[in-house]
$ cat my_file_21.cif   # mmCIF, C-alpha atoms and all ligand atoms; chains and numbers go by the auth columns
data_input
#
loop_
_atom_site.group_PDB
_atom_site.id
_atom_site.type_symbol
_atom_site.label_atom_id
_atom_site.label_comp_id
_atom_site.label_asym_id
_atom_site.label_seq_id
_atom_site.Cartn_x
_atom_site.Cartn_y
_atom_site.Cartn_z
_atom_site.B_iso_or_equiv
_atom_site.auth_seq_id
_atom_site.auth_asym_id
ATOM 1 C CA MET A 1 -2.897 -1.302 35.946 0.00 1 A
ATOM 2 C CA VAL A 2 -3.761 -2.093 39.478 0.00 2 A
ATOM 3 C CA ALA A 3 -1.670 0.310 41.544 0.00 3 A
ATOM 4 C CA SER A 4 -0.957 -1.644 44.677 0.00 4 A
ATOM 5 C CA ASP A 5 1.954 0.223 46.226 0.00 5 A
ATOM 6 C CA PRO A 6 2.428 3.862 47.291 0.00 6 A
ATOM 7 C CA ASP A 7 5.277 4.540 44.826 0.00 7 A
ATOM 8 C CA THR A 8 3.119 3.491 41.897 0.00 8 A
ATOM 9 C CA VAL A 9 0.210 5.606 43.099 0.00 9 A
ATOM 10 C CA ALA A 10 2.585 8.546 43.555 0.00 10 A
ATOM 11 C CA GLY A 11 3.954 8.091 40.016 0.00 11 A
ATOM 12 C CA MET A 12 0.463 7.984 38.568 0.00 12 A
ATOM 13 C CA ARG A 13 -0.495 11.097 40.518 0.00 13 A
ATOM 14 C CA ARG A 14 2.533 12.949 39.127 0.00 14 A
ATOM 15 C CA ILE A 15 1.775 12.266 35.464 0.00 15 A
ATOM 16 C CA GLY A 16 -1.941 12.831 36.074 0.00 16 A
ATOM 17 C CA ALA A 17 -1.328 16.267 37.570 0.00 17 A
ATOM 18 C CA LEU A 18 1.109 17.142 34.791 0.00 18 A
ATOM 19 C CA ILE A 19 -1.423 16.283 32.093 0.00 19 A
ATOM 20 C CA ALA A 20 -4.073 18.312 33.896 0.00 20 A
ATOM 21 C CA ALA A 21 -1.702 21.286 33.904 0.00 21 A
ATOM 22 C CA ALA A 22 -0.865 20.765 30.214 0.00 22 A
ATOM 23 C CA LEU A 23 -4.561 20.672 29.323 0.00 23 A
ATOM 24 C CA ALA A 24 -5.194 23.908 31.238 0.00 24 A
ATOM 25 C CA HIS A 25 -2.208 25.499 29.465 0.00 25 A
ATOM 26 C CA SER A 26 -3.383 24.330 26.029 0.00 26 A
ATOM 27 C CA ARG A 27 -6.997 25.313 26.663 0.00 27 A
ATOM 28 C CA ALA A 28 -5.863 28.847 27.412 0.00 28 A
ATOM 29 C CA ALA A 29 -4.167 28.996 23.997 0.00 29 A
ATOM 30 C CA VAL A 30 -7.365 28.178 22.062 0.00 30 A
ATOM 31 C CA ALA A 31 -8.572 31.190 20.078 0.00 31 A
ATOM 32 C CA PRO A 32 -9.771 32.007 16.577 0.00 32 A
ATOM 33 C CA GLY A 33 -6.784 32.086 14.201 0.00 33 A
ATOM 34 C CA VAL A 34 -4.615 29.698 16.213 0.00 34 A
ATOM 35 C CA SER A 35 -3.606 26.571 14.288 0.00 35 A
ATOM 36 C CA THR A 36 -3.992 23.038 15.593 0.00 36 A
ATOM 37 C CA GLY A 37 -0.237 22.587 15.079 0.00 37 A
ATOM 38 C CA GLU A 38 0.460 25.592 17.315 0.00 38 A
ATOM 39 C CA LEU A 39 -1.647 23.990 20.057 0.00 39 A
ATOM 40 C CA ASP A 40 0.310 20.768 19.631 0.00 40 A
ATOM 41 C CA ARG A 41 3.681 22.535 19.842 0.00 41 A
ATOM 42 C CA ALA A 42 2.622 24.467 22.938 0.00 42 A
ATOM 43 C CA ALA A 43 1.545 21.269 24.695 0.00 43 A
ATOM 44 C CA ALA A 44 4.688 19.449 23.589 0.00 44 A
ATOM 45 C CA ALA A 45 6.977 22.227 24.860 0.00 45 A
ATOM 46 C CA PHE A 46 5.117 22.339 28.196 0.00 46 A
ATOM 47 C CA LEU A 47 5.315 18.584 28.740 0.00 47 A
ATOM 48 C CA ARG A 48 8.856 18.102 27.459 0.00 48 A
ATOM 49 C CA ALA A 49 10.071 20.805 29.847 0.00 49 A
ATOM 50 C CA GLU A 50 8.822 18.563 32.666 0.00 50 A
ATOM 51 C CA GLY A 51 10.502 15.478 31.209 0.00 51 A
ATOM 52 C CA ALA A 52 7.315 13.876 29.890 0.00 52 A
ATOM 53 C CA ARG A 53 6.959 12.096 26.568 0.00 53 A
ATOM 54 C CA SER A 54 3.990 11.743 24.220 0.00 54 A
ATOM 55 C CA GLY A 55 1.962 8.587 24.785 0.00 55 A
ATOM 56 C CA PRO A 56 0.730 8.486 21.166 0.00 56 A
ATOM 57 C CA ILE A 57 4.279 8.863 19.768 0.00 57 A
ATOM 58 C CA LEU A 58 5.752 6.279 22.167 0.00 58 A
ATOM 59 C CA THR A 59 2.948 3.817 21.566 0.00 59 A
ATOM 60 C CA TYR A 60 1.912 4.257 17.921 0.00 60 A
ATOM 61 C CA ASP A 61 4.475 6.570 16.317 0.00 61 A
ATOM 62 C CA TYR A 62 1.581 9.032 15.962 0.00 62 A
ATOM 63 C CA PRO A 63 2.292 12.169 13.847 0.00 63 A
ATOM 64 C CA GLY A 64 1.700 14.668 16.679 0.00 64 A
ATOM 65 C CA PHE A 65 2.464 15.054 20.379 0.00 65 A
ATOM 66 C CA ILE A 66 -1.238 15.363 21.201 0.00 66 A
ATOM 67 C CA CYS A 67 -4.492 14.787 19.285 0.00 67 A
ATOM 68 C CA VAL A 68 -6.444 17.864 18.170 0.00 68 A
ATOM 69 C CA SER A 69 -9.898 17.186 16.721 0.00 69 A
ATOM 70 C CA VAL A 70 -12.225 19.870 15.332 0.00 70 A
ATOM 71 C CA ASP A 71 -16.062 19.742 15.141 0.00 71 A
ATOM 72 C CA ASP A 72 -17.045 16.529 13.315 0.00 72 A
ATOM 73 C CA GLN A 73 -13.609 15.044 13.995 0.00 73 A
ATOM 74 C CA VAL A 74 -14.280 12.836 17.014 0.00 74 A
ATOM 75 C CA VAL A 75 -10.815 11.527 17.920 0.00 75 A
ATOM 76 C CA HIS A 76 -7.191 11.292 16.746 0.00 76 A
ATOM 77 C CA GLY A 77 -7.199 14.493 14.666 0.00 77 A
ATOM 78 C CA ILE A 78 -3.625 15.207 13.514 0.00 78 A
ATOM 79 C CA PRO A 79 -2.356 18.678 14.426 0.00 79 A
ATOM 80 C CA GLY A 80 -1.281 20.804 11.471 0.00 80 A
ATOM 81 C CA ASP A 81 -1.798 24.077 9.614 0.00 81 A
ATOM 82 C CA ARG A 82 -5.564 24.215 10.048 0.00 82 A
ATOM 83 C CA ARG A 83 -6.556 27.466 11.751 0.00 83 A
ATOM 84 C CA LEU A 84 -9.423 27.531 14.225 0.00 84 A
ATOM 85 C CA ARG A 85 -12.446 29.720 13.578 0.00 85 A
ATOM 86 C CA ALA A 86 -14.971 31.184 16.022 0.00 86 A
ATOM 87 C CA GLY A 87 -17.926 28.869 16.536 0.00 87 A
ATOM 88 C CA GLN A 88 -15.922 25.655 16.312 0.00 88 A
ATOM 89 C CA LEU A 89 -15.382 23.036 19.002 0.00 89 A
ATOM 90 C CA VAL A 90 -11.818 21.778 19.391 0.00 90 A
ATOM 91 C CA THR A 91 -10.917 18.714 21.416 0.00 91 A
ATOM 92 C CA LEU A 92 -7.493 18.523 23.038 0.00 92 A
ATOM 93 C CA ASP A 93 -6.570 14.939 23.943 0.00 93 A
ATOM 94 C CA ILE A 94 -3.310 14.628 25.861 0.00 94 A
ATOM 95 C CA ALA A 95 -1.698 11.339 26.818 0.00 95 A
ATOM 96 C CA ALA A 96 1.837 11.377 28.189 0.00 96 A
ATOM 97 C CA GLU A 97 4.415 9.360 30.091 0.00 97 A
ATOM 98 C CA LEU A 98 6.679 10.367 32.974 0.00 98 A
ATOM 99 C CA ASP A 99 9.058 7.984 34.782 0.00 99 A
ATOM 100 C CA GLY A 100 7.339 4.998 33.185 0.00 100 A
ATOM 101 C CA PHE A 101 3.781 6.027 34.117 0.00 101 A
ATOM 102 C CA HIS A 102 1.091 7.033 31.639 0.00 102 A
ATOM 103 C CA ALA A 103 -2.049 9.125 32.038 0.00 103 A
ATOM 104 C CA ASP A 104 -4.567 10.479 29.538 0.00 104 A
ATOM 105 C CA ALA A 105 -7.173 13.251 29.547 0.00 105 A
ATOM 106 C CA ALA A 106 -9.200 15.188 27.012 0.00 106 A
ATOM 107 C CA THR A 107 -11.530 18.143 26.904 0.00 107 A
ATOM 108 C CA THR A 108 -13.569 19.936 24.270 0.00 108 A
ATOM 109 C CA VAL A 109 -13.065 23.691 24.154 0.00 109 A
ATOM 110 C CA PRO A 110 -15.246 26.299 22.410 0.00 110 A
ATOM 111 C CA VAL A 111 -13.456 28.570 19.932 0.00 111 A
ATOM 112 C CA GLY A 112 -14.910 32.010 20.677 0.00 112 A
ATOM 113 C CA PRO A 113 -18.702 32.058 20.964 0.00 113 A
ATOM 114 C CA VAL A 114 -20.412 28.812 19.934 0.00 114 A
ATOM 115 C CA SER A 115 -24.041 27.882 19.207 0.00 115 A
ATOM 116 C CA PRO A 116 -26.489 26.882 21.943 0.00 116 A
ATOM 117 C CA ALA A 117 -26.539 23.373 20.420 0.00 117 A
ATOM 118 C CA ALA A 118 -22.760 23.127 20.747 0.00 118 A
ATOM 119 C CA GLN A 119 -22.988 24.332 24.346 0.00 119 A
ATOM 120 C CA ARG A 120 -25.585 21.675 25.152 0.00 120 A
ATOM 121 C CA LEU A 121 -23.373 18.992 23.610 0.00 121 A
ATOM 122 C CA MET A 122 -20.376 20.092 25.678 0.00 122 A
ATOM 123 C CA ALA A 123 -22.468 20.233 28.859 0.00 123 A
ATOM 124 C CA ALA A 124 -23.902 16.768 28.208 0.00 124 A
ATOM 125 C CA THR A 125 -20.430 15.315 27.639 0.00 125 A
ATOM 126 C CA HIS A 126 -19.234 16.855 30.910 0.00 126 A
ATOM 127 C CA ALA A 127 -22.249 15.472 32.745 0.00 127 A
ATOM 128 C CA ALA A 128 -21.777 12.028 31.175 0.00 128 A
ATOM 129 C CA LEU A 129 -18.157 11.927 32.344 0.00 129 A
ATOM 130 C CA ALA A 130 -19.140 13.067 35.837 0.00 130 A
ATOM 131 C CA ALA A 131 -21.803 10.351 36.008 0.00 131 A
ATOM 132 C CA GLY A 132 -19.330 7.721 34.797 0.00 132 A
ATOM 133 C CA ILE A 133 -16.813 8.767 37.439 0.00 133 A
ATOM 134 C CA ARG A 134 -19.447 8.690 40.203 0.00 134 A
ATOM 135 C CA ALA A 135 -20.296 5.132 39.164 0.00 135 A
ATOM 136 C CA ALA A 136 -16.681 3.967 39.512 0.00 136 A
ATOM 137 C CA GLN A 137 -17.039 2.824 43.125 0.00 137 A
ATOM 138 C CA PRO A 138 -15.179 -0.148 44.556 0.00 138 A
ATOM 139 C CA GLY A 139 -17.477 -3.159 44.289 0.00 139 A
ATOM 140 C CA ALA A 140 -19.431 -1.741 41.333 0.00 140 A
ATOM 141 C CA SER A 141 -18.927 -3.239 37.862 0.00 141 A
ATOM 142 C CA LEU A 142 -17.496 -1.801 34.673 0.00 142 A
ATOM 143 C CA ARG A 143 -21.011 -2.054 33.252 0.00 143 A
ATOM 144 C CA ASP A 144 -22.244 0.409 35.867 0.00 144 A
ATOM 145 C CA ILE A 145 -19.894 3.041 34.435 0.00 145 A
ATOM 146 C CA GLY A 146 -21.119 2.538 30.879 0.00 146 A
ATOM 147 C CA ALA A 147 -24.721 2.532 32.011 0.00 147 A
ATOM 148 C CA ALA A 148 -24.260 5.837 33.818 0.00 148 A
ATOM 149 C CA VAL A 149 -22.540 7.454 30.827 0.00 149 A
ATOM 150 C CA GLU A 150 -25.184 6.279 28.382 0.00 150 A
ATOM 151 C CA ARG A 151 -28.105 7.255 30.630 0.00 151 A
ATOM 152 C CA VAL A 152 -26.978 10.871 30.848 0.00 152 A
ATOM 153 C CA SER A 153 -26.069 11.083 27.153 0.00 153 A
ATOM 154 C CA THR A 154 -29.317 9.725 25.776 0.00 154 A
ATOM 155 C CA ALA A 155 -31.440 11.613 28.338 0.00 155 A
ATOM 156 C CA ARG A 156 -30.002 14.795 26.838 0.00 156 A
ATOM 157 C CA GLY A 157 -30.637 13.630 23.289 0.00 157 A
ATOM 158 C CA PHE A 158 -27.088 12.857 22.205 0.00 158 A
ATOM 159 C CA THR A 159 -25.456 9.864 20.548 0.00 159 A
ATOM 160 C CA VAL A 160 -22.787 7.690 22.154 0.00 160 A
ATOM 161 C CA PHE A 161 -20.169 6.465 19.662 0.00 161 A
ATOM 162 C CA ARG A 162 -20.092 2.853 20.747 0.00 162 A
ATOM 163 C CA ASP A 163 -16.972 2.062 18.747 0.00 163 A
ATOM 164 C CA LEU A 164 -14.885 4.362 20.947 0.00 164 A
ATOM 165 C CA THR A 165 -14.041 3.422 24.513 0.00 165 A
ATOM 166 C CA GLY A 166 -11.982 4.181 27.562 0.00 166 A
ATOM 167 C CA HIS A 167 -9.193 1.863 28.614 0.00 167 A
ATOM 168 C CA GLY A 168 -6.927 0.683 31.357 0.00 168 A
ATOM 169 C CA ILE A 169 -3.716 2.707 31.655 0.00 169 A
ATOM 170 C CA GLY A 170 -0.562 2.655 33.769 0.00 170 A
ATOM 171 C CA THR A 171 2.801 1.390 32.598 0.00 171 A
ATOM 172 C CA GLU A 172 1.350 1.563 29.081 0.00 172 A
ATOM 173 C CA MET A 173 -1.074 4.018 27.507 0.00 173 A
ATOM 174 C CA HIS A 174 -3.567 1.369 26.475 0.00 174 A
ATOM 175 C CA GLU A 175 -4.131 -1.539 28.853 0.00 175 A
ATOM 176 C CA ASP A 176 -7.044 -3.755 29.793 0.00 176 A
ATOM 177 C CA PRO A 177 -9.880 -3.379 30.534 0.00 177 A
ATOM 178 C CA THR A 178 -11.971 -1.772 27.796 0.00 178 A
ATOM 179 C CA VAL A 179 -14.222 0.835 29.412 0.00 179 A
ATOM 180 C CA TYR A 180 -17.398 1.033 27.360 0.00 180 A
ATOM 181 C CA ASN A 181 -19.640 4.077 27.261 0.00 181 A
ATOM 182 C CA PHE A 182 -22.735 1.897 27.374 0.00 182 A
ATOM 183 C CA PRO A 183 -23.750 -1.110 29.493 0.00 183 A
ATOM 184 C CA PHE A 184 -21.673 -3.747 27.701 0.00 184 A
ATOM 185 C CA GLU A 185 -23.437 -7.092 27.826 0.00 185 A
ATOM 186 C CA GLY A 186 -20.355 -9.331 27.492 0.00 186 A
ATOM 187 C CA PRO A 187 -18.427 -10.809 30.426 0.00 187 A
ATOM 188 C CA GLU A 188 -16.016 -7.857 30.401 0.00 188 A
ATOM 189 C CA GLY A 189 -18.877 -5.726 31.701 0.00 189 A
ATOM 190 C CA ASP A 190 -19.164 -7.974 34.764 0.00 190 A
ATOM 191 C CA GLN A 191 -15.688 -7.051 35.936 0.00 191 A
ATOM 192 C CA ILE A 192 -15.802 -5.753 39.495 0.00 192 A
ATOM 193 C CA LEU A 193 -13.960 -2.536 40.294 0.00 193 A
ATOM 194 C CA ARG A 194 -11.301 -3.020 42.926 0.00 194 A
ATOM 195 C CA GLU A 195 -9.157 -0.617 44.859 0.00 195 A
ATOM 196 C CA GLY A 196 -6.112 0.453 42.860 0.00 196 A
ATOM 197 C CA MET A 197 -7.558 -0.124 39.384 0.00 197 A
ATOM 198 C CA VAL A 198 -6.539 2.679 37.037 0.00 198 A
ATOM 199 C CA PHE A 199 -8.388 3.424 33.797 0.00 199 A
ATOM 200 C CA THR A 200 -9.823 6.224 31.710 0.00 200 A
ATOM 201 C CA ILE A 201 -13.467 7.166 31.409 0.00 201 A
ATOM 202 C CA GLU A 202 -14.051 9.053 28.188 0.00 202 A
ATOM 203 C CA PRO A 203 -17.491 9.679 26.760 0.00 203 A
ATOM 204 C CA MET A 204 -17.447 10.759 23.124 0.00 204 A
ATOM 205 C CA LEU A 205 -20.854 12.165 22.207 0.00 205 A
ATOM 206 C CA GLY A 206 -22.384 13.338 18.973 0.00 206 A
ATOM 207 C CA ALA A 207 -25.279 15.499 17.887 0.00 207 A
ATOM 208 C CA GLY A 208 -26.158 13.267 14.917 0.00 208 A
ATOM 209 C CA GLY A 209 -25.598 9.728 13.633 0.00 209 A
ATOM 210 C CA GLU A 210 -23.412 7.206 15.397 0.00 210 A
ATOM 211 C CA GLU A 211 -21.469 6.110 12.339 0.00 211 A
ATOM 212 C CA LEU A 212 -17.800 7.058 12.080 0.00 212 A
ATOM 213 C CA VAL A 213 -15.401 7.154 9.147 0.00 213 A
ATOM 214 C CA GLN A 214 -11.628 7.261 9.110 0.00 214 A
ATOM 215 C CA ASP A 215 -9.906 9.937 7.057 0.00 215 A
ATOM 216 C CA ARG A 216 -7.382 9.072 4.396 0.00 216 A
ATOM 217 C CA ASP A 217 -4.688 10.256 6.811 0.00 217 A
ATOM 218 C CA GLY A 218 -5.139 6.885 8.517 0.00 218 A
ATOM 219 C CA TRP A 219 -5.871 8.410 11.952 0.00 219 A
ATOM 220 C CA THR A 220 -8.660 10.976 12.122 0.00 220 A
ATOM 221 C CA MET A 221 -12.064 9.535 13.016 0.00 221 A
ATOM 222 C CA ARG A 222 -15.011 11.750 12.086 0.00 222 A
ATOM 223 C CA THR A 223 -18.783 11.463 11.967 0.00 223 A
ATOM 224 C CA ARG A 224 -20.034 10.140 8.643 0.00 224 A
ATOM 225 C CA ASP A 225 -22.838 12.707 8.511 0.00 225 A
ATOM 226 C CA GLY A 226 -20.589 15.636 9.470 0.00 226 A
ATOM 227 C CA SER A 227 -22.424 16.245 12.747 0.00 227 A
ATOM 228 C CA LEU A 228 -20.752 17.841 15.752 0.00 228 A
ATOM 229 C CA SER A 229 -18.966 15.840 18.459 0.00 229 A
ATOM 230 C CA ALA A 230 -17.419 16.378 21.888 0.00 230 A
ATOM 231 C CA HIS A 231 -15.105 14.376 24.162 0.00 231 A
ATOM 232 C CA GLU A 232 -14.259 14.583 27.857 0.00 232 A
ATOM 233 C CA GLU A 233 -11.769 12.220 29.463 0.00 233 A
ATOM 234 C CA HIS A 234 -10.125 11.666 32.824 0.00 234 A
ATOM 235 C CA THR A 235 -7.770 9.029 34.171 0.00 235 A
ATOM 236 C CA ILE A 236 -9.070 7.728 37.492 0.00 236 A
ATOM 237 C CA ILE A 237 -7.972 5.353 40.218 0.00 237 A
ATOM 238 C CA VAL A 238 -10.505 3.415 42.227 0.00 238 A
ATOM 239 C CA GLY A 239 -9.839 4.381 45.843 0.00 239 A
ATOM 240 C CA GLU A 240 -11.063 2.755 49.009 0.00 240 A
ATOM 241 C CA GLY A 241 -13.639 5.488 49.474 0.00 241 A
ATOM 242 C CA GLY A 242 -14.506 5.991 45.804 0.00 242 A
ATOM 243 C CA PRO A 243 -13.008 7.189 42.522 0.00 243 A
ATOM 244 C CA VAL A 244 -10.079 9.612 42.578 0.00 244 A
ATOM 245 C CA VAL A 245 -9.478 11.684 39.438 0.00 245 A
ATOM 246 C CA LEU A 246 -5.746 11.645 38.665 0.00 246 A
ATOM 247 C CA THR A 247 -6.075 14.242 35.892 0.00 247 A
ATOM 248 C CA ALA A 248 -8.216 16.695 37.880 0.00 248 A
ATOM 249 C CA PRO A 249 -7.708 20.363 36.897 0.00 249 A
ATOM 250 C CA PRO A 250 -5.246 22.363 39.014 0.00 250 A
ATOM 251 C CA GLU A 251 -6.720 24.255 41.983 0.00 251 A
ATOM 252 C CA GLY A 252 -8.476 27.442 41.003 0.00 252 A
ATOM 253 C CA ASP A 253 -8.954 26.356 37.391 0.00 253 A
HETATM 254 N N1 LIG B . -5.854 9.538 24.160 0.00 1 B
HETATM 255 C C1 LIG B . -5.984 8.795 22.957 0.00 1 B
HETATM 256 C C2 LIG B . -6.731 7.491 23.163 0.00 1 B
HETATM 257 O O1 LIG B . -6.819 6.972 24.238 0.00 1 B
HETATM 258 C C3 LIG B . -4.625 8.540 22.415 0.00 1 B
HETATM 259 C C4 LIG B . -4.708 8.098 21.047 0.00 1 B
HETATM 260 S S1 LIG B . -3.169 7.747 20.475 0.00 1 B
HETATM 261 C C5 LIG B . -3.326 7.666 18.817 0.00 1 B
HETATM 262 O O2 LIG B . -7.274 6.950 22.233 0.00 1 B
HETATM 263 F F1 LIG B . -2.145 7.488 18.397 0.00 1 B
HETATM 264 F F2 LIG B . -4.154 6.676 18.504 0.00 1 B
HETATM 265 F F3 LIG B . -3.837 8.779 18.372 0.00 1 B
HETATM 266 CO CO CO B . -7.769 7.645 26.172 0.00 2 B
#
$ encode --input "my_file_21.cif" --output "structure tokens"
Amino acid sequence: MVASDPDTVAGMRRIGALIAAALAHSRAAVAPGVSTGELDRAAAAFLRAEGARSGPILTYDYPGFICVSVDDQVVHGIPGDRRLRAGQLVTLDIAAELDGFHADAATTVPVGPVSPAAQRLMAATHAALAAGIRAAQPGASLRDIGAAVERVSTARGFTVFRDLTGHGIGTEMHEDPTVYNFPFEGPEGDQILREGMVFTIEPMLGAGGEELVQDRDGWTMRTRDGSLSAHEEHTIIVGEGGPVVLTAPPEGD
């Protein structure tokens, strides 16, 4: 969306802050022995108590309130009985709606102690998101965001999954434009960022090959070669003075 009035901006800020709080709450529940379904139920209870609904359920009838993806699962992992083990990386991806406004954020969390390689992957994904956000200045282009994300990712030796992108968001979970994690050559990349534009930036990085496969469950996307992946996502609004993160973590987090 392009949020052009204060009520819309306020509505987007409310759902953004709520998702940030839900992510912090869910992150704190990650531990060896916890199941992905338990993480889903905790997030669902937290968000429902505030009157929010699941974006994936509303939009796609998805079989979970949130997406929970482990290790080589890159996105859209379905929560269930699988129990987390120390050394794994688990991605919590939370999209939700409140009062007609949608926001979306994700983060990859270590389960207990993880390998130095896993730590480097998480740090690179963080840095790629930060670079993408910094590039989202009014007057810049969508291509500038993708270029910034890719530059950081490849400089650190990681793979960008080009098939997976960020997206516009607002009154729906998935809106135009497509926000590529590389400098997209097509005309969509030329689009100039204007004040009020709301979209996600969400680098998904891997430690191995770029190829993805879909599980037989019809949702889960994982790396073909089984290599590790990480994902960091924020919903942002382009402000007059620069990008504003709507899903920024609560103070002191
Ligand atoms: N946050 C996820 C995304 O933007 C939501 C996926 S919904 C699903 O892709 F139903 F596709 F899982
Ligand atoms: Co998203």
$ residues_around --input "my_file_21.cif" --residues "stretch 249-251 of chain A" --least-positions-apart "5" --cutoff "9 Å" --atoms "only C-alpha atoms" --output "NGL selection string"
:A and (17 or 19-21 or 23-24)
$ residues_near_ligand --input "my_file_21.cif" --ligand "ligand CO 2 (chain B)" --cutoff "9 Å" --atoms "only C-alpha atoms and all ligand atoms" --output "number ranges by chain"
A: 93-95, 103-106, 165-169, 173-174, 199-202, 233-235
$ resolve_selection --input "my_file_21.cif" --expression "the PyMOL selection byres (((chain A and resi 77) around 8) and not hetatm)" --output "ChimeraX atom specification"
/A:67-70,73-76,78-79,219-221
$ resolve_selection --input "my_file_21.cif" --expression "the PyMOL selection byres (((chain A and resi 145) around 8) and not hetatm)" --output "MDAnalysis selection string"
chainID A and resid 131:133 135:136 141:144 146:149 179:183
$ residues_near_point --input "my_file_21.cif" --point "(-19.0, -4.8, 38.3)" --cutoff "6 Å" --atoms "all atoms listed in the file" --output "PyMOL selection string"
chain A and resi 140-142+190-193
$ closest_residue --input "my_file_21.cif" --among "A:Ala86, A:Leu47, A:Leu121, A:Ile66" --to "ligand LIG 1 (chain B)" --atoms "only C-alpha atoms and all ligand atoms"
A:Ile66
